[in-house]
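Here is coords.cif, consisting of mmCIF, C-alpha atoms:
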data_structure
loop_
_atom_site.label_atom_id
_atom_site.label_comp_id
_atom_site.auth_asym_id
_atom_site.auth_seq_id
_atom_site.Cartn_x
_atom_site.Cartn_y
_atom_site.Cartn_z
CA MET B 121 0.00 0.00 0.00
CA ARG B 122 2.80 2.33 0.98
CA THR B 123 4.63 1.56 -2.27
CA ILE B 124 1.52 2.38 -4.32
CA LEU B 125 1.07 5.67 -2.48
CA THR B 126 4.73 6.57 -3.02
CA ASP B 127 4.42 5.72 -6.73
CA ILE B 128 1.31 7.90 -7.06
CA LEU B 129 3.01 10.82 -5.31
CA LEU B 130 6.11 10.45 -7.46
CA SER B 131 3.92 10.28 -10.59
CA LEU B 132 2.34 13.59 -9.58
CA LEU B 133 5.78 15.05 -8.93
CA PHE B 134 7.01 14.05 -12.39
CA LEU B 135 3.86 15.48 -13.96
CA VAL B 136 4.45 18.80 -12.22
CA LEU B 137 8.11 18.70 -13.28
CA GLN B 138 7.15 18.03 -16.88
CA THR B 139 4.63 20.87 -17.05
CA THR B 140 6.72 23.44 -15.19
CA ILE B 141 10.50 23.00 -15.01
CA ILE B 142 11.34 20.75 -17.96
CA ARG B 143 10.36 23.40 -20.50
CA PHE B 144 13.38 25.41 -19.35
CA LEU B 145 15.54 22.66 -20.83
CA ALA B 146 13.93 23.17 -24.25
CA VAL B 147 16.36 23.18 -27.14
CA GLN B 148 14.72 24.43 -30.34
CA MET B 149 11.25 23.46 -29.04
CA ILE B 150 12.41 19.94 -28.15
CA VAL B 151 11.88 18.89 -24.54
CA PRO B 152 12.71 15.57 -22.89
CA ASP B 153 9.84 13.45 -21.59
CA VAL B 154 10.56 12.74 -17.92
CA VAL B 155 7.06 11.38 -17.43
CA LEU B 156 7.84 8.67 -19.96
CA LEU B 157 11.11 7.91 -18.16
CA TRP B 158 9.14 7.44 -14.96
CA ILE B 159 6.66 5.09 -16.68
CA ILE B 160 9.59 3.05 -18.03
CA TYR B 161 11.07 2.90 -14.54
CA LEU B 162 7.73 1.60 -13.24
CA ALA B 163 7.67 -0.98 -16.04
CA ILE B 164 11.09 -2.33 -15.13
CA ARG B 165 10.54 -2.16 -11.38
CA ARG B 166 6.88 -3.15 -11.01
CA GLY B 167 5.90 -4.90 -14.23
CA GLN B 168 3.74 -4.55 -17.30
CA ILE B 169 0.31 -4.10 -15.70
CA THR B 170 1.50 -1.35 -13.35
CA ALA B 171 3.27 0.47 -16.21
CA THR B 172 0.25 0.18 -18.51
CA THR B 173 -2.11 1.45 -15.81
CA ALA B 174 0.28 4.24 -14.80
CA GLY B 175 0.75 5.16 -18.47
CA PHE B 176 -2.99 5.61 -18.86
CA PHE B 177 -3.61 7.70 -15.76
CA ILE B 178 -0.46 9.81 -16.08
CA GLY B 179 -1.22 10.34 -19.78
CA LEU B 180 -4.78 11.39 -18.97
CA ALA B 181 -3.57 13.89 -16.38
CA PHE B 182 -1.01 15.13 -18.90
CA ASP B 183 -3.78 15.59 -21.49
CA LEU B 184 -5.76 17.71 -19.06
CA LEU B 185 -2.77 19.78 -18.01
CA SER B 186 -1.33 20.37 -21.44
CA GLY B 187 -3.91 22.62 -23.00
CA ALA B 188 -7.51 23.02 -24.05
CA ASP B 189 -7.16 21.43 -27.45
CA SER B 190 -9.41 18.67 -28.67
CA MET B 191 -7.08 15.78 -27.95
CA LEU B 192 -8.06 14.50 -24.53
CA GLY B 193 -7.07 10.85 -24.41
CA LEU B 194 -4.17 11.03 -26.86
CA ALA B 195 -1.33 11.13 -24.32
CA ALA B 196 -3.25 8.50 -22.34
CA LEU B 197 -3.34 6.28 -25.42
CA SER B 198 0.31 6.71 -26.38
CA LYS B 199 1.63 6.46 -22.82
CA THR B 200 -0.47 3.33 -22.18
CA ALA B 201 1.12 1.73 -25.24
CA ALA B 202 4.61 2.89 -24.21
CA GLY B 203 4.14 1.47 -20.70
CA PHE B 204 2.94 -1.80 -22.17
CA VAL B 205 5.94 -2.06 -24.52
CA ALA B 206 8.41 -1.19 -21.75
CA GLY B 207 6.74 -3.79 -19.53
CA TYR B 208 7.99 -6.58 -21.80
CA PHE B 209 11.44 -5.98 -20.32
CA PHE B 210 10.32 -6.62 -16.75
CA ASN B 211 12.35 -9.31 -15.06
CA GLU B 212 11.93 -9.48 -11.32
CA ASN B 213 15.39 -10.95 -10.82
CA LYS B 214 17.25 -8.49 -13.04
CA THR B 215 15.65 -5.17 -12.10
CA ALA B 216 18.83 -3.51 -10.81
CA GLN B 217 20.83 -4.88 -13.72
CA THR B 218 18.35 -3.54 -16.31
CA LEU B 219 18.16 -0.12 -14.68
CA GLY B 220 21.92 0.21 -14.38
CA SER B 221 22.91 -0.84 -17.88
CA TYR B 222 22.59 0.42 -21.46
CA GLN B 223 19.55 -1.83 -21.74
CA LEU B 224 17.63 0.97 -20.02
CA ILE B 225 18.50 3.37 -22.84
CA LEU B 226 17.42 0.84 -25.45
CA ILE B 227 14.08 0.43 -23.66
CA VAL B 228 13.70 4.24 -23.49
CA VAL B 229 14.38 4.55 -27.22
CA LEU B 230 11.96 1.76 -28.13
CA ALA B 231 9.13 2.92 -25.83
CA SER B 232 9.62 6.55 -26.85
CA LEU B 233 9.48 5.69 -30.55
CA VAL B 234 6.27 3.70 -30.09
CA HIS B 235 4.85 6.56 -28.02
CA ASN B 236 5.79 9.25 -30.56
CA LEU B 237 4.61 7.24 -33.55
CA ILE B 238 1.13 6.68 -32.09
CA TYR B 239 0.96 10.26 -30.90
CA PHE B 240 1.93 11.96 -34.16
CA VAL B 241 -0.13 9.72 -36.44
CA ILE B 242 -3.30 10.64 -34.52
CA PHE B 243 -2.42 14.19 -33.49
CA LEU B 244 -1.64 15.39 -37.00
CA GLN B 245 -4.72 13.90 -38.70
CA GLY B 246 -6.29 16.51 -40.97
CA SER B 247 -3.65 19.14 -40.25
CA GLY B 248 -1.78 18.92 -43.55
CA ILE B 249 1.44 18.15 -41.64
CA THR B 250 2.84 14.72 -42.37
CA TRP B 251 3.32 12.48 -39.34
CA SER B 252 6.53 11.08 -40.79
CA GLY B 253 7.98 14.59 -41.12
CA ALA B 254 6.91 15.42 -37.56
CA LEU B 255 8.39 12.16 -36.33
CA PHE B 256 11.76 13.01 -37.89
CA GLN B 257 11.68 16.67 -36.88
CA TYR B 258 10.31 16.29 -33.33
CA GLY B 259 9.74 12.64 -32.45
CA ILE B 260 13.28 11.38 -32.98
CA PRO B 261 14.97 14.43 -31.37
CA THR B 262 12.58 14.09 -28.40
CA THR B 263 13.48 10.40 -28.16
CA ALA B 264 17.20 11.25 -28.30
CA TYR B 265 16.84 13.97 -25.64
CA THR B 266 14.79 11.67 -23.38
CA ALA B 267 17.34 8.88 -23.85
CA ALA B 268 20.16 11.30 -23.03
CA LEU B 269 18.37 12.28 -19.83
CA GLY B 270 17.85 8.57 -19.15
CA LEU B 271 21.63 8.25 -18.84
CA LEU B 272 21.45 10.04 -15.47
CA PRO B 273 19.31 7.42 -13.69
CA MET B 274 21.20 4.70 -15.57
CA PHE B 275 24.55 5.84 -14.13
CA ALA B 276 22.99 6.35 -10.70
CA PHE B 277 21.58 2.81 -10.66
CA ALA B 278 24.83 1.37 -12.05
CA ARG B 279 26.77 3.03 -9.26
CA LYS B 280 24.26 1.84 -6.65
CA HIS B 281 24.36 -1.68 -8.10
CA LEU B 282 28.17 -1.80 -7.92
CA THR B 283 28.44 -0.60 -4.33
CA MET S 134 -17.02 -22.46 -17.82
CA VAL S 135 -16.57 -19.52 -15.43
CA LYS S 136 -13.39 -21.08 -14.13
CA ARG S 137 -12.09 -21.45 -17.68
CA LEU S 138 -12.92 -17.83 -18.47
CA TYR S 139 -11.20 -16.74 -15.29
CA ASP S 140 -8.11 -18.76 -16.25
CA ILE S 141 -8.03 -17.14 -19.69
CA LEU S 142 -8.43 -13.72 -18.10
CA LEU S 143 -5.57 -14.46 -15.72
CA LEU S 144 -3.35 -15.85 -18.46
CA PHE S 145 -3.78 -12.84 -20.72
CA LYS S 146 -4.37 -10.23 -18.02
CA GLU S 147 -1.72 -7.84 -19.41
CA TYR S 148 -3.46 -7.85 -22.79
CA PHE S 149 -6.88 -7.30 -21.26
CA VAL S 150 -5.56 -4.40 -19.19
CA VAL S 151 -3.89 -2.72 -22.17
CA ALA S 152 -6.94 -3.32 -24.39
CA PHE S 153 -9.23 -1.79 -21.76
CA PHE S 154 -7.12 1.36 -21.30
CA LEU S 155 -6.59 1.78 -25.04
CA LEU S 156 -10.34 1.50 -25.56
CA VAL S 157 -11.07 4.10 -22.86
CA SER S 158 -8.49 6.43 -24.45
CA VAL S 159 -10.08 6.07 -27.88
CA VAL S 160 -13.55 6.74 -26.41
CA LEU S 161 -12.19 9.84 -24.68
CA LEU S 162 -10.68 11.02 -27.95
CA ALA S 163 -14.07 10.63 -29.61
CA VAL S 164 -16.14 12.47 -26.98
CA ASN S 165 -13.74 15.04 -25.61
CA ASP S 166 -15.59 18.29 -26.08
CA THR S 167 -18.48 17.88 -23.67
CA PRO S 168 -19.43 20.67 -21.19
CA GLN S 169 -18.18 18.52 -18.28
CA ILE S 170 -14.74 18.15 -19.84
CA ARG S 171 -14.65 21.88 -20.57
CA VAL S 172 -15.21 22.54 -16.85
CA ILE S 173 -12.41 20.13 -15.92
CA ARG S 174 -10.16 21.86 -18.45
CA SER S 175 -10.86 25.30 -16.99
CA TYR S 176 -9.71 23.92 -13.61
CA ALA S 177 -6.66 22.49 -15.36
CA VAL S 178 -5.87 25.97 -16.73
CA ILE S 179 -5.93 27.30 -13.14
CA ALA S 180 -3.71 24.48 -11.88
CA VAL S 181 -1.18 24.80 -14.71
CA GLY S 182 -1.23 28.60 -14.51
CA LEU S 183 -0.48 28.57 -10.79
CA LEU S 184 2.26 25.97 -11.13
CA GLN S 185 3.92 27.58 -14.13
CA ASP S 186 3.64 31.03 -12.57
CA THR S 187 5.54 29.74 -9.52
CA PHE S 188 8.44 28.53 -11.64
CA SER S 189 8.39 31.28 -14.28
CA PHE S 190 11.42 33.06 -12.78
CA ILE S 191 13.74 30.29 -13.99
CA PRO S 192 15.52 31.29 -17.20
CA ASN S 193 16.22 28.93 -20.09
CA TYR S 194 19.99 28.63 -20.03
CA PHE S 195 20.19 27.74 -23.71
CA ASP S 196 18.35 30.90 -24.73
CA LEU S 197 19.88 33.63 -22.54
CA ARG S 198 22.84 34.59 -24.74
CA ARG S 199 20.78 34.41 -27.92
CA ASP S 200 18.05 36.48 -26.23
CA ASN S 201 20.49 39.26 -25.40
CA GLN S 202 21.84 39.49 -28.92
CA ALA S 203 18.39 39.36 -30.47
CA LEU S 204 17.05 42.04 -28.10
CA ARG S 205 19.90 44.42 -28.96
CA ALA S 206 19.30 43.91 -32.67
CA MET S 207 15.56 44.36 -32.19
CA ASN S 208 16.06 47.55 -30.17
CA LEU S 209 18.09 49.06 -32.98
CA SER S 210 15.64 48.09 -35.68
CA LEU S 211 12.62 49.22 -33.62
CA SER S 212 14.13 52.66 -32.94
CA ASP S 213 14.61 53.07 -36.66
CA GLU S 214 11.10 51.80 -37.39
CA VAL S 215 9.52 54.12 -34.79
CA SER S 216 10.95 57.21 -36.45
CA ARG S 217 9.80 56.01 -39.87
CA LEU S 218 6.34 55.17 -38.52
CA ARG S 219 5.99 58.63 -36.98
CA GLU S 220 6.62 60.12 -40.40
CA GLY S 221 4.22 57.61 -41.95
CA LYS S 222 1.48 58.36 -39.43
CA LEU S 223 1.67 62.09 -40.06
CA GLU S 224 1.50 61.51 -43.79
CA ASN S 225 -1.39 59.06 -43.31
CA LEU S 226 -3.29 61.61 -41.21
CA ARG S 227 -2.88 64.27 -43.88
CA LEU S 228 -4.04 61.89 -46.62
CA ARG S 229 -7.01 60.67 -44.55
CA GLN S 230 -8.10 64.22 -43.88
CA MET S 231 -7.87 64.91 -47.60
CA LEU S 232 -9.98 61.83 -48.40
CA ASP S 233 -12.27 62.30 -45.39
CA LEU S 234 -11.78 58.68 -44.24
CA LYS S 235 -12.83 57.33 -40.85
CA GLU S 236 -9.98 56.57 -38.42
CA ARG S 237 -9.69 52.81 -37.96
CA GLY S 238 -10.91 51.68 -34.56
CA GLU S 239 -8.19 51.04 -32.00
CA TYR S 240 -8.58 48.13 -29.63
CA ARG S 241 -7.69 48.16 -25.96
CA THR S 242 -4.86 45.81 -25.19
CA ILE S 243 -4.26 43.88 -21.99
CA SER S 244 -0.61 43.34 -21.24
CA ALA S 245 0.29 39.86 -20.05
CA SER S 246 3.33 37.83 -19.10
CA VAL S 247 3.87 34.39 -20.53
CA VAL S 248 4.12 32.29 -17.38
CA GLY S 249 4.13 28.95 -19.12
CA LYS S 250 4.87 27.40 -22.46
CA ASN S 251 3.78 23.98 -23.50
CA LEU S 252 6.14 22.93 -26.24
CA GLN S 253 5.54 19.27 -25.70
CA MET S 254 4.61 17.02 -28.57
CA LEU S 255 3.61 19.89 -30.87
CA ARG S 256 0.77 21.05 -28.62
CA ASN S 257 2.42 24.48 -28.59
CA THR S 258 0.37 26.60 -26.26
CA ILE S 259 1.24 29.41 -23.86
CA THR S 260 -0.18 30.26 -20.45
CA LEU S 261 -0.76 33.96 -19.69
CA ASP S 262 -1.12 35.55 -16.27
CA VAL S 263 -4.36 37.31 -17.18
CA GLY S 264 -7.84 35.84 -17.20
CA GLU S 265 -11.55 36.53 -17.27
CA LYS S 266 -11.27 39.02 -14.38
CA ASP S 267 -8.98 41.13 -16.58
CA GLY S 268 -11.44 41.01 -19.47
CA VAL S 269 -9.80 38.22 -21.44
CA ARG S 270 -12.16 36.02 -23.44
CA VAL S 271 -11.79 33.00 -25.70
CA ASN S 272 -10.84 33.87 -29.33
CA MET S 273 -9.23 37.23 -28.50
CA PRO S 274 -6.03 37.81 -30.52
CA ILE S 275 -2.62 37.76 -28.85
CA VAL S 276 0.08 40.04 -30.26
CA ASN S 277 3.48 41.36 -29.30
CA GLU S 278 5.72 44.10 -30.65
CA SER S 279 6.72 41.91 -33.62
CA GLY S 280 3.26 40.82 -34.73
CA LEU S 281 0.58 38.18 -34.34
CA VAL S 282 1.27 35.55 -31.68
CA GLY S 283 -2.00 33.59 -31.70
CA LYS S 284 -5.38 33.52 -30.00
CA ILE S 285 -6.90 32.71 -26.63
CA ILE S 286 -8.40 29.21 -26.45
CA GLY S 287 -9.13 28.79 -22.77
CA THR S 288 -9.63 31.00 -19.74
CA SER S 289 -9.97 30.77 -16.00
CA SER S 290 -10.46 33.67 -13.60
CA HIS S 291 -6.78 34.64 -13.48
CA TYR S 292 -5.10 32.73 -16.29
CA ALA S 293 -5.58 32.22 -19.99
CA LEU S 294 -4.33 29.63 -22.42
CA GLY S 295 -3.17 30.81 -25.82
CA GLN S 296 -2.73 28.89 -29.05
CA VAL S 297 0.31 30.17 -30.96
CA LEU S 298 0.66 30.33 -34.74
CA LEU S 299 2.93 27.28 -34.62
CA ASN S 300 -0.05 25.07 -33.82
CA LYS S 301 -1.68 22.57 -36.13
CA ASP S 302 -5.21 23.85 -35.41
CA ILE S 303 -4.71 27.50 -36.23
CA ARG S 304 -5.90 29.12 -39.50
CA VAL S 305 -5.60 32.83 -40.22
CA SER S 306 -7.01 34.75 -43.18
CA ALA S 307 -4.01 36.65 -44.46
CA LYS S 308 -2.93 39.00 -47.20
CA VAL S 309 0.29 39.93 -48.97
CA GLN S 310 0.74 43.57 -47.97
CA ARG S 311 2.30 44.67 -51.26
CA SER S 312 0.17 42.89 -53.87
CA ARG S 313 -3.01 42.38 -51.73
CA VAL S 314 -3.10 38.67 -52.64
CA ASP S 315 -5.22 36.67 -50.17
CA GLY S 316 -4.48 33.32 -48.62
CA ILE S 317 -4.76 31.22 -45.49
CA ILE S 318 -1.93 30.97 -43.01
CA ARG S 319 -1.33 27.53 -41.51
CA TRP S 320 1.54 25.95 -39.67
CA ASN S 321 3.55 23.60 -41.85
CA GLY S 322 4.96 21.60 -38.95
CA GLY S 323 8.42 23.18 -38.99
CA ARG S 324 9.76 26.52 -37.82
CA SER S 325 7.84 28.39 -40.53
CA LEU S 326 4.27 28.95 -41.71
CA ALA S 327 2.63 28.37 -45.07
CA LEU S 328 0.40 30.79 -46.98
CA GLN S 329 -2.05 28.45 -48.69
CA SER S 330 -4.66 28.80 -51.43
CA VAL S 331 -2.55 31.23 -53.47
CA ALA S 332 -3.00 30.67 -57.21
CA ARG S 333 0.26 30.03 -59.05
CA THR S 334 -0.20 33.09 -61.26
CA PHE S 335 -0.59 35.50 -58.32
CA ASP S 336 2.17 37.95 -57.46
CA VAL S 337 4.00 36.80 -54.33
CA GLN S 338 7.72 37.31 -53.88
CA ALA S 339 10.30 36.48 -51.24
CA GLY S 340 10.50 39.39 -48.80
CA ASP S 341 6.80 40.30 -49.05
CA VAL S 342 5.17 41.10 -45.72
CA ILE S 343 2.10 39.03 -44.74
CA VAL S 344 -0.58 40.66 -42.60
CA THR S 345 -4.00 39.62 -41.30
CA SER S 346 -6.77 40.17 -43.79
CA GLU S 347 -10.09 41.96 -43.40
CA TYR S 348 -11.75 38.63 -44.25
CA SER S 349 -10.67 37.20 -40.92
CA SER S 350 -13.49 36.70 -38.47
CA LEU S 351 -11.06 36.35 -35.56
CA PHE S 352 -8.31 38.92 -36.04
CA PRO S 353 -8.41 42.61 -36.89
CA ARG S 354 -6.82 43.41 -40.24
CA GLY S 355 -3.28 44.61 -40.71
CA ILE S 356 -1.44 42.72 -37.96
CA ARG S 357 1.94 41.55 -39.16
CA ILE S 358 2.24 37.77 -39.39
CA GLY S 359 5.58 37.34 -41.09
CA THR S 360 7.65 37.64 -44.23
CA VAL S 361 7.66 35.42 -47.31
CA SER S 362 10.89 33.45 -47.18
CA ALA S 363 10.41 31.36 -50.33
CA THR S 364 7.91 30.56 -53.05
CA ARG S 365 7.81 27.48 -55.23
CA GLN S 366 5.67 26.08 -58.00
CA ILE S 367 4.01 22.78 -57.14
CA PRO S 368 3.91 20.48 -60.18
CA GLY S 369 0.35 19.63 -61.22
CA SER S 370 -1.23 22.11 -58.79
CA LEU S 371 -3.17 25.30 -59.42
CA PHE S 372 -1.63 26.79 -56.31
CA GLN S 373 1.89 27.82 -55.41
CA GLY S 374 3.74 27.01 -52.22
CA VAL S 375 4.49 30.09 -50.14
CA GLU S 376 6.69 29.71 -47.08
CA VAL S 377 6.37 32.43 -44.45
CA SER S 378 8.89 33.15 -41.75
CA PRO S 379 6.92 34.25 -38.63
CA ALA S 380 7.50 37.79 -37.36
CA VAL S 381 7.38 36.53 -33.77
CA ASP S 382 10.14 34.44 -32.28
CA PHE S 383 8.10 31.87 -30.38
CA THR S 384 11.08 30.50 -28.48
CA ARG S 385 11.63 33.85 -26.76
CA LEU S 386 8.08 34.86 -25.94
CA GLU S 387 7.86 36.67 -22.58
CA GLU S 388 5.55 39.68 -22.74
CA VAL S 389 2.46 39.77 -24.96
CA PHE S 390 -0.74 41.76 -25.35
CA VAL S 391 -4.26 40.42 -25.58
CA MET S 392 -6.38 42.56 -27.89
CA THR S 393 -9.92 43.08 -26.62
CA TYR S 394 -11.24 42.31 -30.06
CA LEU S 395 -13.91 39.74 -30.63
CA ALA S 396 -15.42 38.67 -33.90
CA ASP S 397 -18.52 40.58 -34.93
CA THR S 398 -21.16 37.93 -34.30
CA SER S 399 -23.72 39.64 -36.55
CA ARG S 400 -21.27 39.34 -39.46
CA THR S 401 -20.58 35.65 -38.86
CA ALA S 402 -24.31 35.03 -38.38
CA VAL S 403 -25.11 36.63 -41.75
CA GLU S 404 -22.30 34.68 -43.44
CA LYS S 405 -23.54 31.44 -41.93
CA ARG S 406 -27.15 32.13 -42.93
CA ILE S 407 -26.45 33.10 -46.51
CA ARG S 408 -23.77 30.56 -47.36
CA PRO S 409 -25.15 27.25 -48.63
#
What's the C-alpha cells form of this structure?
Amino acid sequence: MRTILTDILLSLLFLVLQTTIIRFLAVQMIVPDVVLLWIIYLAIRRGQITATTAGFFIGLAFDLLSGADSMLGLAALSKTAAGFVAGYFFNENKTAQTLGSYQLILIVVLASLVHNLIYFVIFLQGSGITWSGALFQYGIPTTAYTAALGLLPMFAFARKHLT
Amino acid sequence: MVKRLYDILLLFKEYFVVAFFLLVSVVLLAVNDTPQIRVIRSYAVIAVGLLQDTFSFIPNYFDLRRDNQALRAMNLSLSDEVSRLREGKLENLRLRQMLDLKERGEYRTISASVVGKNLQMLRNTITLDVGEKDGVRVNMPIVNESGLVGKIIGTSSHYALGQVLLNKDIRVSAKVQRSRVDGIIRWNGGRSLALQSVARTFDVQAGDVIVTSEYSSLFPRGIRIGTVSATRQIPGSLFQGVEVSPAVDFTRLEEVFVMTYLADTSRTAVEKRIRP
C-alpha cells in the first residue's frame, strides 16, 4: 500500500516537473519526456500491468494539463502503449541490472518511438502536416533527448548496483 | 465455464488491461468536447497557470545569450522603425483628412506575461497571467511588438491559455501587404508557416510582408504575421507554395498583449445564414 502511495506521489511530482520545469531545458522546441522515463522505470521495477495502468492515468492527467485542445485521451493512449511495450522488459530478478545498464536506454528509445509514432499519427490527422515529417523533426529528437536524460538514472543505478 | 474464463483472463491479463485502457483512451478522444470536460479543463488551466507562474522566474539557459543578442538587434531596428512610422502616421493623417476617411478603430490591449509554455509534442500553447477578471475572453487575438502571436483558447479567472501560430489547429485569413493577394496561413509543422490557397499566377515574392486580412473573423486586419521566405511552383497544382517566416520568435516569448477584439457575431451570423 505504501509503495503504491509513493508511486502515485512520485507520478504527480514528475507530472508537475514536466509541465513546469522541464520546458526550461527546451532546445529548439524539443523537450525531454521525464514522465515517460518514470513510466519506463515503473515498467522495469513493477511490471507490465502497473506500467500500462500508470501510463494511462499519467497520460490522462497530462492531457488535461497540457492545453484546451481537442485531444483529450491522446497522451493516455500513447503512454499506455509505451508502458505496455516497456513492460515486456520486466524481469523481477534483473531489475537492478536492467536499470543500471545500457539496456535501459534501449528500452527508453523503443518505448519513446512507439509513443511518438502513435501520438503523431493521430495528433496530426487533418492538419496537412505529415506524421513522418513530424516524427523526424520532433519525435526522434525528443526520443534522443529523453534517452540522453535517461543516462542520469542509468549511471545512478549502475553506481548503486556496484556498491 | 466460469473457471475457464477466469483462467483465460488471468493468463492474458496484461493484454486485457492494455486493451481496456486503449479502448477508454479512444472513447475519450471521440467524446472530448463535452461541457463537463470543458469545466475540468478550466480547472486544469488554473492548476497549470499557478504551477507555471511559480516557476516562471527560472531562465532557459540555452536561450539567454541568444536572447540578449536578439534584443539588442531588435532595439536598434525598432528605434529606426519608430521614427519612420511617426513620419508615416503624419502623412497618413494628412491623406485621410484629404480623403475624409474614418480613423480605424483602436482596440484596448491587456498586457500579459507568458508564465508557461507547453512545447511538448507539438501542442504548442502558452499560459498567460491574465484571465476573465482582466477582461480576457476565448478567441481574443494575442500580439506582441513583432506581430501576431496567436489567440486565446481557454480561460480561468486569473489565467488564460493561448494557441500560438505554430499550432496545427490554427488558421488565419491573411494578405500579402504589397500585392493584396489573399491566402490562409497555416503551420507547416516546422519553424515556418505556409500561406495556402494562393493561385500560381498571383504575385507573391520572397521578402513580401504578410498581414492579417479583413476577411478574418477572428483577427483585426493589418497585424503583421511574417515575411515570405520562399515561393515554389508545385507540379500539377493550381496553387503555389508560399513559405512564411513568422515575425514573432516563439522560443523567446515573454511579454504579450491580448487585444480586446472579438469577432462581430452579426457578421458571422449573416455569413452562416447566406452561405449554402
note - atom CA of Val389 of chain S and atom CA of Leu211 of chain S are separated by 16.4 Å
Determine the residue membership of the PyMOL selection byres ((chain B) within 7 of (chain S)) for the file above and supply it as number ranges by chain. B: 140-141, 144-145, 147, 149, 151, 168-169, 172, 176, 184-188, 190-194, 196-197, 200, 204, 247, 249, 254
Create the file for the chosen residues now, containing C-alpha atoms and written as a short mmCIF file (atom, residue, chain, number, x, y, z; two decimals), keeping the file's coordinate frame.
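Written out: again-v3.cif:
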data_model
loop_
_atom_site.label_atom_id
_atom_site.label_comp_id
_atom_site.auth_asym_id
_atom_site.auth_seq_id
_atom_site.Cartn_x
_atom_site.Cartn_y
_atom_site.Cartn_z
CA THR B 140 6.72 23.44 -15.19
CA ILE B 141 10.50 23.00 -15.01
CA PHE B 144 13.38 25.41 -19.35
CA LEU B 145 15.54 22.66 -20.83
CA VAL B 147 16.36 23.18 -27.14
CA MET B 149 11.25 23.46 -29.04
CA VAL B 151 11.88 18.89 -24.54
CA GLN B 168 3.74 -4.55 -17.30
CA ILE B 169 0.31 -4.10 -15.70
CA THR B 172 0.25 0.18 -18.51
CA PHE B 176 -2.99 5.61 -18.86
CA LEU B 184 -5.76 17.71 -19.06
CA LEU B 185 -2.77 19.78 -18.01
CA SER B 186 -1.33 20.37 -21.44
CA GLY B 187 -3.91 22.62 -23.00
CA ALA B 188 -7.51 23.02 -24.05
CA SER B 190 -9.41 18.67 -28.67
CA MET B 191 -7.08 15.78 -27.95
CA LEU B 192 -8.06 14.50 -24.53
CA GLY B 193 -7.07 10.85 -24.41
CA LEU B 194 -4.17 11.03 -26.86
CA ALA B 196 -3.25 8.50 -22.34
CA LEU B 197 -3.34 6.28 -25.42
CA THR B 200 -0.47 3.33 -22.18
CA PHE B 204 2.94 -1.80 -22.17
CA SER B 247 -3.65 19.14 -40.25
CA ILE B 249 1.44 18.15 -41.64
CA ALA B 254 6.91 15.42 -37.56
#
Let me know the residues the PyMOL selection byres ((chain S and resi 328) around 8) catches in the file above, as an NGL selection string. :S and (307 or 316-319 or 326-327 or 329-331 or 374-377)
For the file shown, what are the residues hit by the PyMOL selection byres ((chain B and resi 274-279) around 7), laid out as an MDAnalysis selection string? chainID B and resid 216 219:221 224 270:273 280:283
Write the residues of the selection above to a file with C-alpha atoms, as a compact mmCIF listing (two decimals), in the frame of the given file.
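Output below, filename part.txt:
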# COMPACT_ATOMS: atom_id res chain seq x y z
CA ALA B 216 18.83 -3.51 -10.81
CA LEU B 219 18.16 -0.12 -14.68
CA GLY B 220 21.92 0.21 -14.38
CA SER B 221 22.91 -0.84 -17.88
CA LEU B 224 17.63 0.97 -20.02
CA GLY B 270 17.85 8.57 -19.15
CA LEU B 271 21.63 8.25 -18.84
CA LEU B 272 21.45 10.04 -15.47
CA PRO B 273 19.31 7.42 -13.69
CA LYS B 280 24.26 1.84 -6.65
CA HIS B 281 24.36 -1.68 -8.10
CA LEU B 282 28.17 -1.80 -7.92
CA THR B 283 28.44 -0.60 -4.33
I'd like to know which of S:Ala402, S:Glu278, S:Ala363, S:Ile356 is closest to Leu204 of chain S, using only C-alpha atoms. S:Glu278
Who sits within 12 Å of Pro274 of chain S, all atoms listed in the file, same chain under 2 positions skipped, as a ChimeraX atom specification: /S:240-243,269-272,276-277,280-286,293-298,303,305,345,349-354,356,389-396
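Note that the spacing between atom CA of Gln138 of chain B and atom CA of Phe177 of chain B amounts to 15.0 Å.
Minimum atom-to-atom distances from B:Thr170, B:Ser232, B:Thr266, B:Asn211 to Ile142 of chain B were compared using all atoms listed in the file, and the lowest value belongs to B:Thr266.
Atom pair atom CA of Thr173 of chain B / atom CA of Gly203 of chain B has a distance of 7.9 Å (rounded to one decimal).
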So, with all atoms listed in the file as the atoms that count, which of B:Asp183, B:Asp153, B:Gly248, B:Leu133 lies closest to Arg304 of chain S? B:Gly248
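Each of B:Thr263, B:Thr218, B:Gln223, B:Ser198 was compared to Phe243 of chain B using all atoms listed in the file, and B:Ser198 turns out to be the nearest.
The closest residue to Ile160 of chain B, picked from B:Ser131, B:Thr139, B:Thr123, B:Gln148 and counting all atoms listed in the file, is B:Ser131.
Selecting by distance to (8.0, 12.3, -10.8) with a limit of 10 Å and using all atoms listed in the file, one obtains Asp127, Ile128, Leu129, Leu130, Ser131, Leu132, Leu133, Phe134, Leu135, Val136, Leu137, Gln138, Val154, Val155, Leu156, Leu157, Trp158 and Ile159 of chain B.
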Exercise: Arg165 of chain B partners within 8 Å, all atoms listed in the file, chain neighbours under 2 positions left out, as an MDAnalysis selection string: chainID B and resid 161:163 167 210 212 215
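Nearest residue to Val205 of chain B among B:Ala181, B:Leu255, B:Ile164, B:Ala264 is B:Ile164, counting all atoms listed in the file.
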